[in-house]
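This is coords_25.cif (mmCIF, N, CA and C atoms).
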data_final
loop_
_atom_site.label_atom_id
_atom_site.label_comp_id
_atom_site.auth_asym_id
_atom_site.auth_seq_id
_atom_site.Cartn_x
_atom_site.Cartn_y
_atom_site.Cartn_z
N MET A 1 -39.04 -62.86 -39.96
CA MET A 1 -39.45 -61.51 -39.72
C MET A 1 -40.90 -61.51 -39.28
N LYS A 2 -41.20 -60.87 -38.15
CA LYS A 2 -42.57 -60.73 -37.69
C LYS A 2 -43.16 -59.48 -38.30
N ILE A 3 -44.28 -59.62 -38.95
CA ILE A 3 -44.95 -58.48 -39.53
C ILE A 3 -46.39 -58.48 -39.04
N THR A 4 -46.83 -57.36 -38.52
CA THR A 4 -48.21 -57.21 -38.13
C THR A 4 -48.90 -56.35 -39.19
N ILE A 5 -49.96 -56.88 -39.76
CA ILE A 5 -50.68 -56.13 -40.78
C ILE A 5 -52.02 -55.70 -40.19
N ILE A 6 -52.28 -54.42 -40.28
CA ILE A 6 -53.50 -53.86 -39.76
C ILE A 6 -54.26 -53.23 -40.92
N GLN A 7 -55.51 -53.61 -41.08
CA GLN A 7 -56.32 -52.98 -42.12
C GLN A 7 -57.70 -52.74 -41.53
N MET A 8 -58.06 -51.48 -41.34
CA MET A 8 -59.32 -51.12 -40.72
C MET A 8 -60.48 -51.23 -41.70
N SER A 9 -60.27 -50.86 -42.93
CA SER A 9 -61.29 -50.97 -43.96
C SER A 9 -60.59 -51.00 -45.30
N SER A 10 -61.34 -51.24 -46.35
CA SER A 10 -60.73 -51.31 -47.67
C SER A 10 -60.20 -49.96 -48.14
N LYS A 11 -60.65 -48.86 -47.51
CA LYS A 11 -60.19 -47.53 -47.91
C LYS A 11 -59.00 -47.04 -47.10
N VAL A 12 -58.62 -47.79 -46.08
CA VAL A 12 -57.48 -47.42 -45.24
C VAL A 12 -56.27 -48.22 -45.69
N PRO A 13 -55.14 -47.56 -45.89
CA PRO A 13 -53.96 -48.32 -46.32
C PRO A 13 -53.51 -49.32 -45.27
N ILE A 14 -52.86 -50.36 -45.73
CA ILE A 14 -52.31 -51.39 -44.84
C ILE A 14 -51.10 -50.81 -44.11
N ILE A 15 -51.04 -51.06 -42.81
CA ILE A 15 -49.93 -50.61 -41.99
C ILE A 15 -49.13 -51.84 -41.59
N ILE A 16 -47.85 -51.83 -41.82
CA ILE A 16 -47.00 -52.97 -41.49
C ILE A 16 -46.05 -52.58 -40.36
N GLU A 17 -46.12 -53.33 -39.29
CA GLU A 17 -45.24 -53.12 -38.15
C GLU A 17 -44.17 -54.20 -38.17
N ASN A 18 -42.91 -53.79 -38.08
CA ASN A 18 -41.80 -54.73 -38.06
C ASN A 18 -41.07 -54.67 -36.73
N ASP A 19 -40.52 -55.80 -36.33
CA ASP A 19 -39.67 -55.87 -35.13
C ASP A 19 -38.22 -55.89 -35.60
N TYR A 20 -37.41 -55.03 -35.00
CA TYR A 20 -36.00 -54.91 -35.35
C TYR A 20 -35.15 -55.11 -34.11
N LYS A 21 -33.88 -55.40 -34.36
CA LYS A 21 -32.94 -55.55 -33.25
C LYS A 21 -31.58 -55.07 -33.71
N PHE A 22 -30.84 -54.45 -32.77
CA PHE A 22 -29.47 -54.03 -33.04
C PHE A 22 -28.68 -54.02 -31.75
N ARG A 23 -27.40 -53.90 -31.90
CA ARG A 23 -26.49 -53.78 -30.76
C ARG A 23 -25.89 -52.39 -30.80
N SER A 24 -25.78 -51.77 -29.65
CA SER A 24 -25.11 -50.48 -29.59
C SER A 24 -23.84 -50.62 -28.74
N GLU A 25 -22.90 -49.75 -29.02
CA GLU A 25 -21.62 -49.78 -28.30
C GLU A 25 -21.79 -49.38 -26.84
N CYS A 26 -22.76 -48.52 -26.57
CA CYS A 26 -23.03 -48.08 -25.21
C CYS A 26 -24.42 -47.46 -25.15
N SER A 27 -24.92 -47.24 -23.95
CA SER A 27 -26.28 -46.71 -23.77
C SER A 27 -26.43 -45.31 -24.35
N VAL A 28 -25.37 -44.55 -24.39
CA VAL A 28 -25.43 -43.19 -24.96
C VAL A 28 -25.79 -43.27 -26.45
N ASP A 29 -25.23 -44.23 -27.16
CA ASP A 29 -25.57 -44.40 -28.58
C ASP A 29 -27.06 -44.73 -28.74
N THR A 30 -27.55 -45.63 -27.89
CA THR A 30 -28.97 -45.97 -27.94
C THR A 30 -29.83 -44.75 -27.63
N ASP A 31 -29.42 -43.98 -26.63
CA ASP A 31 -30.15 -42.76 -26.29
C ASP A 31 -30.23 -41.81 -27.48
N ARG A 32 -29.15 -41.67 -28.19
CA ARG A 32 -29.12 -40.78 -29.37
C ARG A 32 -30.09 -41.28 -30.45
N PHE A 33 -30.08 -42.59 -30.68
CA PHE A 33 -31.00 -43.15 -31.67
C PHE A 33 -32.45 -42.90 -31.25
N VAL A 34 -32.77 -43.20 -30.00
CA VAL A 34 -34.14 -43.02 -29.50
C VAL A 34 -34.57 -41.56 -29.63
N GLU A 35 -33.70 -40.65 -29.31
CA GLU A 35 -34.04 -39.23 -29.42
C GLU A 35 -34.38 -38.85 -30.86
N LEU A 36 -33.62 -39.33 -31.81
CA LEU A 36 -33.86 -39.01 -33.22
C LEU A 36 -35.07 -39.75 -33.80
N PHE A 37 -35.35 -40.93 -33.28
CA PHE A 37 -36.34 -41.82 -33.90
C PHE A 37 -37.59 -42.01 -33.04
N LYS A 38 -37.71 -41.28 -31.94
CA LYS A 38 -38.77 -41.52 -30.95
C LYS A 38 -40.18 -41.46 -31.51
N ASP A 39 -40.42 -40.65 -32.50
CA ASP A 39 -41.76 -40.53 -33.07
C ASP A 39 -42.16 -41.75 -33.90
N TYR A 40 -41.21 -42.62 -34.19
CA TYR A 40 -41.46 -43.78 -35.05
C TYR A 40 -41.31 -45.11 -34.32
N ILE A 41 -41.03 -45.06 -33.03
CA ILE A 41 -40.87 -46.28 -32.24
C ILE A 41 -42.20 -46.62 -31.58
N ILE A 42 -42.70 -47.81 -31.84
CA ILE A 42 -43.95 -48.26 -31.24
C ILE A 42 -43.68 -48.83 -29.86
N SER A 43 -42.66 -49.66 -29.76
CA SER A 43 -42.24 -50.22 -28.47
C SER A 43 -40.73 -50.46 -28.54
N ILE A 44 -40.09 -50.49 -27.37
CA ILE A 44 -38.65 -50.69 -27.34
C ILE A 44 -38.27 -51.41 -26.06
N GLU A 45 -37.27 -52.28 -26.18
CA GLU A 45 -36.72 -52.99 -25.02
C GLU A 45 -35.20 -52.96 -25.12
N ARG A 46 -34.58 -52.52 -24.05
CA ARG A 46 -33.12 -52.42 -24.00
C ARG A 46 -32.60 -53.41 -22.96
N LYS A 47 -31.58 -54.19 -23.36
CA LYS A 47 -30.98 -55.17 -22.44
C LYS A 47 -29.47 -54.96 -22.41
N SER A 48 -28.92 -55.04 -21.22
CA SER A 48 -27.46 -54.90 -21.10
C SER A 48 -26.95 -55.81 -19.99
N ASP A 49 -25.68 -56.11 -20.08
CA ASP A 49 -24.97 -56.88 -19.07
C ASP A 49 -24.17 -55.88 -18.25
N PRO A 50 -24.28 -55.89 -16.94
CA PRO A 50 -23.55 -54.90 -16.13
C PRO A 50 -22.03 -54.95 -16.29
N ASP A 51 -21.51 -56.05 -16.82
CA ASP A 51 -20.07 -56.18 -17.01
C ASP A 51 -19.58 -55.60 -18.33
N PHE A 52 -20.52 -55.22 -19.21
CA PHE A 52 -20.15 -54.71 -20.53
C PHE A 52 -20.96 -53.46 -20.84
N PRO A 53 -20.39 -52.53 -21.60
CA PRO A 53 -21.11 -51.27 -21.88
C PRO A 53 -22.14 -51.37 -23.01
N ASP A 54 -22.06 -52.41 -23.84
CA ASP A 54 -22.96 -52.48 -25.00
C ASP A 54 -24.38 -52.90 -24.59
N GLU A 55 -25.32 -52.61 -25.48
CA GLU A 55 -26.72 -52.93 -25.25
C GLU A 55 -27.29 -53.68 -26.45
N ASP A 56 -28.21 -54.59 -26.19
CA ASP A 56 -29.03 -55.18 -27.24
C ASP A 56 -30.36 -54.45 -27.18
N VAL A 57 -30.82 -53.99 -28.33
CA VAL A 57 -32.05 -53.21 -28.39
C VAL A 57 -33.00 -53.85 -29.38
N GLU A 58 -34.23 -54.07 -28.93
CA GLU A 58 -35.27 -54.58 -29.81
C GLU A 58 -36.40 -53.56 -29.81
N PHE A 59 -36.91 -53.23 -30.99
CA PHE A 59 -37.99 -52.25 -31.07
C PHE A 59 -38.90 -52.57 -32.25
N SER A 60 -40.08 -51.99 -32.20
CA SER A 60 -41.06 -52.13 -33.28
C SER A 60 -41.27 -50.76 -33.92
N SER A 61 -41.44 -50.78 -35.23
CA SER A 61 -41.64 -49.54 -35.97
C SER A 61 -42.35 -49.83 -37.28
N LEU A 62 -42.97 -48.81 -37.81
CA LEU A 62 -43.58 -48.91 -39.13
C LEU A 62 -42.58 -48.58 -40.23
N LYS A 63 -41.43 -48.08 -39.85
CA LYS A 63 -40.40 -47.68 -40.82
C LYS A 63 -39.63 -48.89 -41.33
N SER A 64 -39.05 -48.74 -42.51
CA SER A 64 -38.28 -49.82 -43.14
C SER A 64 -36.84 -49.84 -42.62
N LEU A 65 -36.15 -50.94 -42.90
CA LEU A 65 -34.73 -51.02 -42.54
C LEU A 65 -33.94 -49.87 -43.14
N ASP A 66 -34.20 -49.56 -44.40
CA ASP A 66 -33.47 -48.47 -45.06
C ASP A 66 -33.74 -47.13 -44.40
N GLU A 67 -34.96 -46.88 -44.00
CA GLU A 67 -35.29 -45.61 -43.33
C GLU A 67 -34.60 -45.52 -41.97
N ILE A 68 -34.54 -46.64 -41.26
CA ILE A 68 -33.86 -46.65 -39.96
C ILE A 68 -32.36 -46.45 -40.14
N ARG A 69 -31.79 -47.08 -41.15
CA ARG A 69 -30.35 -46.91 -41.42
C ARG A 69 -29.99 -45.47 -41.72
N LEU A 70 -30.87 -44.76 -42.42
CA LEU A 70 -30.61 -43.35 -42.71
C LEU A 70 -30.49 -42.54 -41.43
N VAL A 71 -31.31 -42.84 -40.45
CA VAL A 71 -31.25 -42.16 -39.16
C VAL A 71 -29.96 -42.54 -38.43
N MET A 72 -29.64 -43.82 -38.42
CA MET A 72 -28.43 -44.27 -37.71
C MET A 72 -27.16 -43.69 -38.32
N LYS A 73 -27.16 -43.45 -39.61
CA LYS A 73 -25.98 -42.86 -40.26
C LYS A 73 -25.70 -41.46 -39.76
N GLU A 74 -26.72 -40.80 -39.23
CA GLU A 74 -26.56 -39.43 -38.71
C GLU A 74 -25.98 -39.39 -37.30
N ILE A 75 -25.89 -40.53 -36.65
CA ILE A 75 -25.43 -40.58 -35.26
C ILE A 75 -23.92 -40.74 -35.22
N GLU A 76 -23.27 -39.77 -34.60
CA GLU A 76 -21.81 -39.83 -34.48
C GLU A 76 -21.43 -41.09 -33.72
N ASP A 77 -20.52 -41.85 -34.27
CA ASP A 77 -20.02 -43.09 -33.69
C ASP A 77 -21.13 -44.13 -33.53
N GLY A 78 -22.15 -44.09 -34.40
CA GLY A 78 -23.25 -45.05 -34.32
C GLY A 78 -23.06 -46.25 -35.22
N HIS A 79 -21.81 -46.50 -35.63
CA HIS A 79 -21.53 -47.56 -36.59
C HIS A 79 -21.92 -48.96 -36.11
N VAL A 80 -21.79 -49.26 -34.83
CA VAL A 80 -22.14 -50.60 -34.34
C VAL A 80 -23.64 -50.84 -34.51
N MET A 81 -24.44 -49.83 -34.21
CA MET A 81 -25.89 -49.94 -34.40
C MET A 81 -26.21 -50.17 -35.87
N LEU A 82 -25.64 -49.33 -36.71
CA LEU A 82 -25.88 -49.40 -38.15
C LEU A 82 -25.48 -50.75 -38.72
N GLU A 83 -24.35 -51.25 -38.30
CA GLU A 83 -23.81 -52.49 -38.86
C GLU A 83 -24.48 -53.75 -38.31
N SER A 84 -25.16 -53.66 -37.17
CA SER A 84 -25.80 -54.84 -36.58
C SER A 84 -27.32 -54.85 -36.74
N LEU A 85 -27.91 -53.78 -37.21
CA LEU A 85 -29.37 -53.69 -37.36
C LEU A 85 -29.90 -54.77 -38.29
N ASN A 86 -30.98 -55.43 -37.84
CA ASN A 86 -31.63 -56.43 -38.68
C ASN A 86 -33.05 -56.65 -38.15
N TYR A 87 -33.84 -57.42 -38.90
CA TYR A 87 -35.13 -57.84 -38.38
C TYR A 87 -34.86 -58.69 -37.14
N ALA A 88 -35.71 -58.58 -36.13
CA ALA A 88 -35.47 -59.24 -34.85
C ALA A 88 -35.27 -60.75 -35.01
N ASP A 89 -36.06 -61.39 -35.85
CA ASP A 89 -35.94 -62.84 -35.98
C ASP A 89 -34.77 -63.27 -36.86
N GLU A 90 -34.08 -62.32 -37.48
CA GLU A 90 -32.89 -62.62 -38.28
C GLU A 90 -31.62 -62.08 -37.62
N TYR A 91 -31.78 -61.44 -36.49
CA TYR A 91 -30.66 -60.80 -35.80
C TYR A 91 -29.69 -61.83 -35.24
N THR A 92 -28.40 -61.60 -35.47
CA THR A 92 -27.36 -62.48 -34.93
C THR A 92 -26.41 -61.75 -34.00
N GLY A 93 -26.42 -60.43 -34.06
CA GLY A 93 -25.45 -59.65 -33.29
C GLY A 93 -24.20 -59.37 -34.10
N ASP A 94 -24.06 -60.07 -35.23
CA ASP A 94 -22.90 -59.84 -36.10
C ASP A 94 -23.02 -58.47 -36.76
N ARG A 95 -21.89 -57.89 -37.05
CA ARG A 95 -21.86 -56.59 -37.73
C ARG A 95 -21.59 -56.81 -39.22
N TYR A 96 -22.32 -56.08 -40.03
CA TYR A 96 -22.18 -56.13 -41.49
C TYR A 96 -21.52 -54.83 -41.92
N TYR A 97 -20.25 -54.89 -42.20
CA TYR A 97 -19.45 -53.68 -42.42
C TYR A 97 -19.78 -52.96 -43.72
N ASP A 98 -20.44 -53.60 -44.65
CA ASP A 98 -20.76 -52.94 -45.92
C ASP A 98 -21.99 -52.07 -45.84
N GLU A 99 -22.60 -51.93 -44.67
CA GLU A 99 -23.83 -51.13 -44.50
C GLU A 99 -23.55 -49.62 -44.48
N GLU A 100 -22.32 -49.22 -44.26
CA GLU A 100 -22.03 -47.77 -44.14
C GLU A 100 -21.94 -47.11 -45.46
#

Written as structure tokens, that's how I'd like the structure from this file.
Amino acid sequence: MKITIIQMSSKVPIIIENDYKFRSECSVDTDRFVELFKDYIISIERKSDPDFPDEDVEFSSLKSLDEIRLVMKEIEDGHVMLESLNYADEYTGDRYYDEE
């Protein structure tokens, strides 16, 4: 897991930026996630194969995995994103069905 720690002074709280990755069933699902989570995304990269509708998405955020999962649970048919979400360096593309 890549973590960036920023501390401006001893009176400023530490900010932790994490890199995450997930797979979406299609670009529309990714669009829905981005719309709901846009204020918390620091950077995002979307990759797709023209022969398949799914996308691999990598993004950075200050939010935790649990906070991101709460947002993904609100997305209709967003189960692939929810089940594949992980830290970018631990991401396999596999779906974890017990996340719902």

Mind listing as a PDB file with N, CA and C atoms, in the coordinates of the input all residues within 6 Å of (-24.8, -51.8, -30.4), counting all atoms listed in the file?
ATOM      1  N   PHE A  22     -30.840 -54.450 -32.770  1.00  0.00           N
ATOM      2  CA  PHE A  22     -29.470 -54.030 -33.040  1.00  0.00           C
ATOM      3  C   PHE A  22     -28.680 -54.020 -31.750  1.00  0.00           C
ATOM      4  N   ARG A  23     -27.400 -53.900 -31.900  1.00  0.00           N
ATOM      5  CA  ARG A  23     -26.490 -53.780 -30.760  1.00  0.00           C
ATOM      6  C   ARG A  23     -25.890 -52.390 -30.800  1.00  0.00           C
ATOM      7  N   SER A  24     -25.780 -51.770 -29.650  1.00  0.00           N
ATOM      8  CA  SER A  24     -25.110 -50.480 -29.590  1.00  0.00           C
ATOM      9  C   SER A  24     -23.840 -50.620 -28.740  1.00  0.00           C
ATOM     10  N   GLU A  25     -22.900 -49.750 -29.020  1.00  0.00           N
ATOM     11  CA  GLU A  25     -21.620 -49.780 -28.300  1.00  0.00           C
ATOM     12  C   GLU A  25     -21.790 -49.380 -26.840  1.00  0.00           C
ATOM     13  N   CYS A  26     -22.760 -48.520 -26.570  1.00  0.00           N
ATOM     14  CA  CYS A  26     -23.030 -48.080 -25.210  1.00  0.00           C
ATOM     15  C   CYS A  26     -24.420 -47.460 -25.150  1.00  0.00           C
ATOM     16  N   ASP A  54     -22.060 -52.410 -23.840  1.00  0.00           N
ATOM     17  CA  ASP A  54     -22.960 -52.480 -25.000  1.00  0.00           C
ATOM     18  C   ASP A  54     -24.380 -52.900 -24.590  1.00  0.00           C
ATOM     19  N   GLU A  55     -25.320 -52.610 -25.480  1.00  0.00           N
ATOM     20  CA  GLU A  55     -26.720 -52.930 -25.250  1.00  0.00           C
ATOM     21  C   GLU A  55     -27.290 -53.680 -26.450  1.00  0.00           C
ATOM     22  N   VAL A  80     -21.790 -49.260 -34.830  1.00  0.00           N
ATOM     23  CA  VAL A  80     -22.140 -50.600 -34.340  1.00  0.00           C
ATOM     24  C   VAL A  80     -23.640 -50.840 -34.510  1.00  0.00           C
ATOM     25  N   MET A  81     -24.440 -49.830 -34.210  1.00  0.00           N
ATOM     26  CA  MET A  81     -25.890 -49.940 -34.400  1.00  0.00           C
ATOM     27  C   MET A  81     -26.210 -50.170 -35.870  1.00  0.00           C
TER      28      MET A  81
END

*When DSSP works through the backbone of this structure, what residues of chain A end up as strand (DSSP E or B), shown as a PyMOL selection string?*
chain A and resi 3-6+15-24+41-48+55-61+86-87

_My list of candidates is A:Leu36, A:Ile44, A:Ala88, A:Val71. Which is closest to A:Phe59 when distances are computed with only N, CA and C atoms?_
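Smallest separation from A:Phe59 among the options: A:Ile44.
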
*Would you list the contacts of A:Asp77 as a PyMOL selection string, taking every protein, DNA or RNA residue within 12 Å and counting only C-alpha atoms, but skipping same-chain residues closer than 5 positions in sequence?*
chain A and resi 24-26+28-30+32-33+72+82-83+100

Just the selected residues (N, CA and C atoms), exported as a CSV table (one decimal), in the frame of the given file, please.
chain,number,residue,atom,x,y,z
A,24,SER,N,-25.8,-51.8,-29.6
A,24,SER,CA,-25.1,-50.5,-29.6
A,24,SER,C,-23.8,-50.6,-28.7
A,25,GLU,N,-22.9,-49.8,-29.0
A,25,GLU,CA,-21.6,-49.8,-28.3
A,25,GLU,C,-21.8,-49.4,-26.8
A,26,CYS,N,-22.8,-48.5,-26.6
A,26,CYS,CA,-23.0,-48.1,-25.2
A,26,CYS,C,-24.4,-47.5,-25.2
A,28,VAL,N,-25.4,-44.6,-24.4
A,28,VAL,CA,-25.4,-43.2,-25.0
A,28,VAL,C,-25.8,-43.3,-26.4
A,29,ASP,N,-25.2,-44.2,-27.2
A,29,ASP,CA,-25.6,-44.4,-28.6
A,29,ASP,C,-27.1,-44.7,-28.7
A,30,THR,N,-27.6,-45.6,-27.9
A,30,THR,CA,-29.0,-46.0,-27.9
A,30,THR,C,-29.8,-44.8,-27.6
A,32,ARG,N,-29.2,-41.7,-28.2
A,32,ARG,CA,-29.1,-40.8,-29.4
A,32,ARG,C,-30.1,-41.3,-30.4
A,33,PHE,N,-30.1,-42.6,-30.7
A,33,PHE,CA,-31.0,-43.2,-31.7
A,33,PHE,C,-32.4,-42.9,-31.2
A,72,MET,N,-29.6,-43.8,-38.4
A,72,MET,CA,-28.4,-44.3,-37.7
A,72,MET,C,-27.2,-43.7,-38.3
A,82,LEU,N,-25.6,-49.3,-36.7
A,82,LEU,CA,-25.9,-49.4,-38.2
A,82,LEU,C,-25.5,-50.8,-38.7
A,83,GLU,N,-24.4,-51.2,-38.3
A,83,GLU,CA,-23.8,-52.5,-38.9
A,83,GLU,C,-24.5,-53.8,-38.3
A,100,GLU,N,-22.3,-49.2,-44.3
A,100,GLU,CA,-22.0,-47.8,-44.1
A,100,GLU,C,-21.9,-47.1,-45.5

*Expressed in Å to a single decimal, how great is the separation between atom CA of A:Ser60 and atom CA of A:Gly93?*
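Computing it gives 17.3 Å between the two atoms.
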
May I have the residues within 8 Å of A:Tyr91 as a CSV table (one decimal) with N, CA and C atoms, keeping the file's coordinate frame, using only C-alpha atoms and disregarding those fewer than 5 positions away in the same chain?
chain,number,residue,atom,x,y,z
A,20,TYR,N,-37.4,-55.0,-35.0
A,20,TYR,CA,-36.0,-54.9,-35.4
A,20,TYR,C,-35.2,-55.1,-34.1
A,21,LYS,N,-33.9,-55.4,-34.4
A,21,LYS,CA,-32.9,-55.6,-33.2
A,21,LYS,C,-31.6,-55.1,-33.7
A,22,PHE,N,-30.8,-54.4,-32.8
A,22,PHE,CA,-29.5,-54.0,-33.0
A,22,PHE,C,-28.7,-54.0,-31.8
A,84,SER,N,-25.2,-53.7,-37.2
A,84,SER,CA,-25.8,-54.8,-36.6
A,84,SER,C,-27.3,-54.8,-36.7
A,85,LEU,N,-27.9,-53.8,-37.2
A,85,LEU,CA,-29.4,-53.7,-37.4
A,85,LEU,C,-29.9,-54.8,-38.3
A,86,ASN,N,-31.0,-55.4,-37.8
A,86,ASN,CA,-31.6,-56.4,-38.7
A,86,ASN,C,-33.0,-56.6,-38.2

*Taking the chain letters and numbering used in this document, name the residues of chain A that DSSP puts in alpha helix (DSSP H), as a ChimeraX atom specification.*
/A:27-37,65-73,79-84

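The gap separating atom CA of A:Gly78 from atom C of A:Glu45 is 17.0 Å, in Å to one decimal.
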
*Pick out the closest residue to A:Pro53 from this set: A:Ile75, A:Ser27, A:Leu70, A:Phe37. Count all atoms listed in the file.*
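When distances to A:Pro53 are compared using all atoms listed in the file, the smallest one comes from A:Ser27.
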
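Atom C of A:Glu67 to atom N of A:Glu90 spans 17.4 Å [interatomic distance, one decimal].
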
*Explicit residue set for the PyMOL selection byres ((chain A and resi 46) around 6), as JSON, numbers by chain*: {"A": [44, 45, 47, 48, 56, 57, 58]}

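Of the residues under consideration (A:Asp19, A:Lys63, A:Phe52, A:Tyr87), A:Lys63 shows the shortest atom-to-atom contact distance to A:Tyr40 when counting all atoms listed in the file.
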